[in-house]
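Asker: Here you go, this is protein.csv (CSV, C-alpha atoms).
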```csv
chain,number,residue,atom,x,y,z
A,1,MET,CA,20.5,-4.3,-0.4
A,2,ILE,CA,23.8,-6.1,-0.2
A,3,ASN,CA,26.4,-5.4,2.5
A,4,ALA,CA,29.7,-7.2,2.2
A,5,GLY,CA,33.4,-6.4,2.8
A,6,ILE,CA,35.3,-3.3,3.3
A,7,ARG,CA,37.5,-3.1,0.1
A,8,ASN,CA,37.1,-4.2,-3.5
A,9,ASN,CA,40.2,-6.5,-3.4
A,10,ILE,CA,39.4,-8.4,-0.2
A,11,ILE,CA,37.0,-11.3,-0.2
A,12,PRO,CA,34.6,-10.7,2.7
A,13,GLU,CA,34.0,-13.2,5.4
A,14,ASN,CA,30.3,-12.3,5.7
A,15,ALA,CA,27.6,-10.9,3.5
A,16,GLU,CA,24.1,-9.7,4.2
A,17,MET,CA,21.4,-9.5,1.6
A,18,ILE,CA,18.1,-7.8,2.4
A,19,GLY,CA,15.1,-7.7,0.1
A,20,THR,CA,11.4,-7.8,-0.4
A,21,ILE,CA,9.3,-10.7,-1.5
A,22,ARG,CA,5.9,-9.7,-2.8
A,23,THR,CA,3.1,-11.9,-4.0
A,24,LEU,CA,-0.5,-11.6,-5.1
A,25,ASP,CA,-1.9,-14.2,-2.8
A,26,TYR,CA,-1.0,-15.9,0.5
A,27,ALA,CA,-0.6,-19.4,-1.0
A,28,MET,CA,2.1,-18.2,-3.3
A,29,GLN,CA,3.7,-16.2,-0.5
A,30,LYS,CA,3.9,-19.4,1.6
A,31,LYS,CA,5.3,-21.4,-1.3
A,32,LEU,CA,8.0,-18.8,-2.0
A,33,ASN,CA,8.9,-18.4,1.6
A,34,ASP,CA,9.2,-22.2,2.1
A,35,ARG,CA,11.3,-22.6,-1.0
A,36,MET,CA,13.6,-19.8,0.0
A,37,LYS,CA,14.1,-21.4,3.4
A,38,GLU,CA,15.0,-24.7,1.6
A,39,MET,CA,17.2,-23.3,-1.1
A,40,VAL,CA,19.3,-20.6,0.6
A,41,PRO,CA,21.2,-22.9,3.0
A,42,ALA,CA,21.4,-25.6,0.2
A,43,ILE,CA,22.9,-23.3,-2.4
A,44,ALA,CA,25.4,-21.9,0.2
A,45,LYS,CA,26.4,-25.4,1.2
A,46,ALA,CA,27.0,-26.4,-2.5
A,47,TYR,CA,29.7,-23.7,-2.6
A,48,GLY,CA,31.3,-24.6,0.8
A,49,ALA,CA,29.6,-21.8,2.7
A,50,GLU,CA,26.8,-21.4,5.3
A,51,ALA,CA,23.7,-19.2,5.0
A,52,THR,CA,20.7,-18.5,7.1
A,53,ILE,CA,17.5,-16.8,6.1
A,54,GLU,CA,15.0,-14.8,8.1
A,55,ILE,CA,11.7,-13.8,6.5
A,56,ALA,CA,9.8,-11.2,8.4
A,57,SER,CA,6.2,-10.4,7.8
A,58,GLY,CA,5.6,-7.0,6.2
A,59,THR,CA,2.4,-5.5,5.2
A,60,ALA,CA,-0.6,-7.6,4.2
A,61,ILE,CA,-1.4,-8.2,0.6
A,62,THR,CA,-3.2,-5.2,-1.0
A,63,TYR,CA,-6.1,-6.4,-3.1
A,64,ASN,CA,-9.3,-4.9,-4.4
A,65,ASP,CA,-12.7,-6.3,-3.4
A,66,GLU,CA,-14.1,-7.1,-6.8
A,67,ASP,CA,-17.8,-6.4,-5.8
A,68,LEU,CA,-16.8,-3.1,-4.4
A,69,VAL,CA,-14.9,-2.1,-7.5
A,70,VAL,CA,-17.9,-2.9,-9.7
A,71,GLN,CA,-20.2,-1.0,-7.4
A,72,MET,CA,-17.9,2.1,-7.2
A,73,LEU,CA,-16.5,2.2,-10.8
A,74,PRO,CA,-19.4,4.3,-12.1
A,75,THR,CA,-18.6,6.9,-9.5
A,76,LEU,CA,-14.9,7.1,-10.5
A,77,GLN,CA,-15.9,7.3,-14.2
A,78,ARG,CA,-18.5,10.1,-13.5
A,79,VAL,CA,-16.1,12.2,-11.4
A,80,ALA,CA,-12.9,11.8,-13.3
A,81,GLY,CA,-14.3,11.0,-16.8
A,82,LYS,CA,-14.5,7.6,-18.4
A,83,LYS,CA,-11.4,8.2,-20.5
A,84,LYS,CA,-9.3,8.9,-17.4
A,85,VAL,CA,-10.3,5.7,-15.5
A,86,HIS,CA,-8.3,2.6,-16.4
A,87,LEU,CA,-8.6,-0.8,-14.9
A,88,VAL,CA,-5.2,-2.3,-14.4
A,89,ASP,CA,-4.0,-5.8,-13.7
A,90,ALA,CA,-2.9,-6.6,-10.1
A,91,ILE,CA,0.4,-5.2,-9.0
A,92,THR,CA,2.6,-6.2,-6.0
A,93,GLY,CA,2.5,-2.8,-4.3
A,94,ALA,CA,2.8,-2.9,-0.5
A,95,GLU,CA,0.6,-0.5,1.4
A,96,ASP,CA,-0.5,0.0,5.0
A,97,PHE,CA,-4.0,0.3,3.5
A,98,SER,CA,-4.0,-3.5,3.2
A,99,PHE,CA,-4.4,-3.8,7.0
A,100,PHE,CA,-7.8,-2.0,6.7
A,101,GLN,CA,-8.7,-4.4,3.9
A,102,GLU,CA,-8.3,-7.3,6.2
A,103,LYS,CA,-11.2,-6.0,8.3
A,104,VAL,CA,-13.5,-4.4,5.7
A,105,PRO,CA,-13.9,-4.7,1.9
A,106,GLY,CA,-11.8,-2.0,0.2
A,107,PHE,CA,-10.3,-1.0,-3.1
A,108,TYR,CA,-7.1,0.8,-3.8
A,109,PHE,CA,-6.8,3.2,-6.8
A,110,PHE,CA,-4.2,5.6,-8.1
A,111,LEU,CA,-4.8,9.3,-8.5
A,112,GLY,CA,-2.5,10.7,-11.2
A,113,GLY,CA,0.0,13.3,-9.9
A,114,THR,CA,2.4,13.6,-12.8
A,115,PRO,CA,2.5,17.2,-14.1
A,116,LEU,CA,0.9,17.5,-17.5
A,117,SER,CA,4.1,19.1,-18.8
A,118,VAL,CA,6.0,15.8,-18.0
A,119,ALA,CA,5.6,12.8,-20.2
A,120,GLU,CA,4.7,9.8,-18.0
A,121,LYS,CA,7.8,7.9,-19.2
A,122,ASP,CA,10.0,10.8,-18.1
A,123,ALA,CA,8.4,11.2,-14.7
A,124,PRO,CA,10.8,10.5,-11.8
A,125,SER,CA,10.0,7.3,-10.0
A,126,HIS,CA,8.5,7.1,-6.5
A,127,HIS,CA,11.0,6.6,-3.7
A,128,THR,CA,13.6,8.8,-5.4
A,129,PRO,CA,14.9,12.3,-4.5
A,130,ASP,CA,13.4,13.7,-7.8
A,131,PHE,CA,9.9,12.5,-7.2
A,132,PHE,CA,7.3,15.3,-7.7
A,133,ILE,CA,3.5,15.5,-7.4
A,134,ASP,CA,1.4,18.2,-9.1
A,135,ASP,CA,-0.8,19.3,-6.3
A,136,SER,CA,-3.5,20.4,-8.6
A,137,GLY,CA,-4.6,16.8,-8.8
A,138,LEU,CA,-5.6,16.9,-5.2
A,139,LYS,CA,-8.9,18.7,-6.1
A,140,LEU,CA,-9.9,15.7,-8.2
A,141,GLY,CA,-8.8,13.4,-5.3
A,142,VAL,CA,-11.1,15.3,-2.8
A,143,ARG,CA,-14.0,15.3,-5.2
A,144,THR,CA,-13.5,11.6,-5.9
A,145,PHE,CA,-13.4,10.6,-2.2
A,146,VAL,CA,-16.4,12.7,-1.4
A,147,ASN,CA,-18.5,11.3,-4.2
A,148,LEU,CA,-17.3,7.7,-3.4
A,149,THR,CA,-18.4,8.2,0.2
A,150,PHE,CA,-21.9,9.6,-0.6
A,151,ASP,CA,-22.5,7.1,-3.4
A,152,TYR,CA,-21.5,4.2,-1.2
A,153,LEU,CA,-23.7,5.3,1.7
A,154,ASN,CA,-26.6,6.0,-0.6
A,155,LYS,CA,-26.5,2.5,-2.0
A,156,LYS,CA,-26.5,0.9,1.4
```
What would you get if you wrote out this structure as structure tokens?
Answerer:
Amino acid sequence: MINAGIRNNIIPENAEMIGTIRTLDYAMQKKLNDRMKEMVPAIAKAYGAEATIEIASGTAITYNDEDLVVQMLPTLQRVAGKKKVHLVDAITGAEDFSFFQEKVPGFYFFLGGTPLSVAEKDAPSHHTPDFFIDDSGLKLGVRTFVNLTFDYLNKK
């Protein structure tokens, strides 16, 4: 988000930029934060301006415990069907779930909610007014969580 000025033909005296920095590990997060704190004031100074930067901590990094994924993948494949379960590369999603994962091993997965009548490429994005979920997918979600729970407890 960028807030600056009150008219298009007046150079504003101040500007505020707000954004999100997401990384896949804490070492990279520290490196980026440190570099931003160095670069922002220096770039502003190079152009005869001043800038300050504040970096607030958001959610923890969401990551999947690899051993738990390996242990529970057969359950996902059995319940949803092997063709419907896809392992994906890490993404920089930010979820409150990550705070639980700081205390106990966890894994985060997506449950499809795009209506079958809508091509995935045409589906409205999350965080938009047009976002829509096909509630019929909730049955699979409940079956999945129940089976994950029982299978996990039975392997303990």
Asker: Considering only C-alpha atoms, can you say which of A:Ser125, A:Thr62, A:Gln77, A:Thr52 comes closest to Gln101 of chain A?
Answerer: A:Thr62
Asker: Which residues come within 12 Å of Ala49 of chain A, counting all atoms listed in the file, excluding same-chain residues fewer than 4 positions away, as a PyMOL selection string?
Answerer: chain A and resi 13-15+40-45
Asker: Please determine, counting only C-alpha atoms, which residue among A:Phe107, A:Tyr26, A:Phe97, A:Tyr63 has the shortest atom-to-atom distance to Leu148 of chain A.
Answerer: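 Nearest to Leu148 of chain A: A:Phe107.
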Asker: Just give me the gap between atom CA of Ala90 of chain A and atom CA of Asn64 of chain A in Å, one decimal is fine.
Answerer: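 Going from atom CA of Ala90 of chain A over to atom CA of Asn64 of chain A covers 8.7 Å.
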Asker: Looking at A:Thr149, A:Thr92, A:Thr20, A:Thr144, which one is nearest to Asn33 of chain A, with distances taken over all atoms listed in the file?
Answerer: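 Nearest to Asn33 of chain A: A:Thr20.
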Asker: Would you kindly return, as a list in words, each protein, DNA or RNA residue with an atom no farther than 9 Å from any atom of Glu95 of chain A, considering all atoms listed in the file and excluding same-chain residues fewer than 3 positions away?
Answerer: Thr59, Ala60, Ile61, Thr62, Ser98 and Phe99 of chain A
Asker: Let me make sure I understand: among A:Leu111, A:Ile133, A:Val146, A:Ile55, which one has the smallest atom-to-atom distance to Lys84 of chain A if we use only C-alpha atoms?
Answerer: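 Of A:Leu111, A:Ile133, A:Val146, A:Ile55, the one nearest Lys84 of chain A, counting only C-alpha atoms, is A:Leu111.
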Asker: So how many Å separate atom CA of Ile2 of chain A and atom CA of Glu16 of chain A, to one decimal?
Answerer: 5.7 Å
Asker: Record the distance separating atom CA of Gly113 of chain A and atom CA of Gln71 of chain A, expressed in Å with one decimal.
Answerer: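 Rounded to one decimal, the two atoms are 24.9 Å apart.
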Asker: Hey, which of A:Asp65, A:Lys139, A:Gly81, A:Asp134 ends up closest to Val104 of chain A? Count all atoms listed in the file.
Answerer: A:Asp65
Asker: For Ser136 of chain A, work out the shell of residues within 12 Å, counting only C-alpha atoms and skipping chain neighbours fewer than 6 positions away, then give it as a list in words.
Answerer: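 So, after excluding close chain neighbours, the residues are Leu111, Gly112, Gly113, Thr114, Pro115, Leu116 and Val142 of chain A.
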Asker: Produce a file of the selected residues containing C-alpha atoms, as an mmCIF file, in the frame of the given file.
Answerer:
```
data_model
loop_
_atom_site.group_PDB
_atom_site.id
_atom_site.type_symbol
_atom_site.label_atom_id
_atom_site.label_comp_id
_atom_site.auth_asym_id
_atom_site.auth_seq_id
_atom_site.Cartn_x
_atom_site.Cartn_y
_atom_site.Cartn_z
ATOM 1 C CA LEU A 111 -4.800 9.300 -8.500
ATOM 2 C CA GLY A 112 -2.500 10.700 -11.200
ATOM 3 C CA GLY A 113 0.000 13.300 -9.900
ATOM 4 C CA THR A 114 2.400 13.600 -12.800
ATOM 5 C CA PRO A 115 2.500 17.200 -14.100
ATOM 6 C CA LEU A 116 0.900 17.500 -17.500
ATOM 7 C CA VAL A 142 -11.100 15.300 -2.800
#
```
Asker: Select all residues near (3.8, -18.4, 3.1) (cut-off 12 Å, inclusive, file coordinates), counting only C-alpha atoms, and output them as a list of chain:residue names.
Answerer: A:Ile21, A:Arg22, A:Thr23, A:Leu24, A:Asp25, A:Tyr26, A:Ala27, A:Met28, A:Gln29, A:Lys30, A:Lys31, A:Leu32, A:Asn33, A:Asp34, A:Arg35, A:Met36, A:Lys37, A:Ile55, A:Ala56, A:Ser57, A:Gly58, A:Ala60, A:Ile61
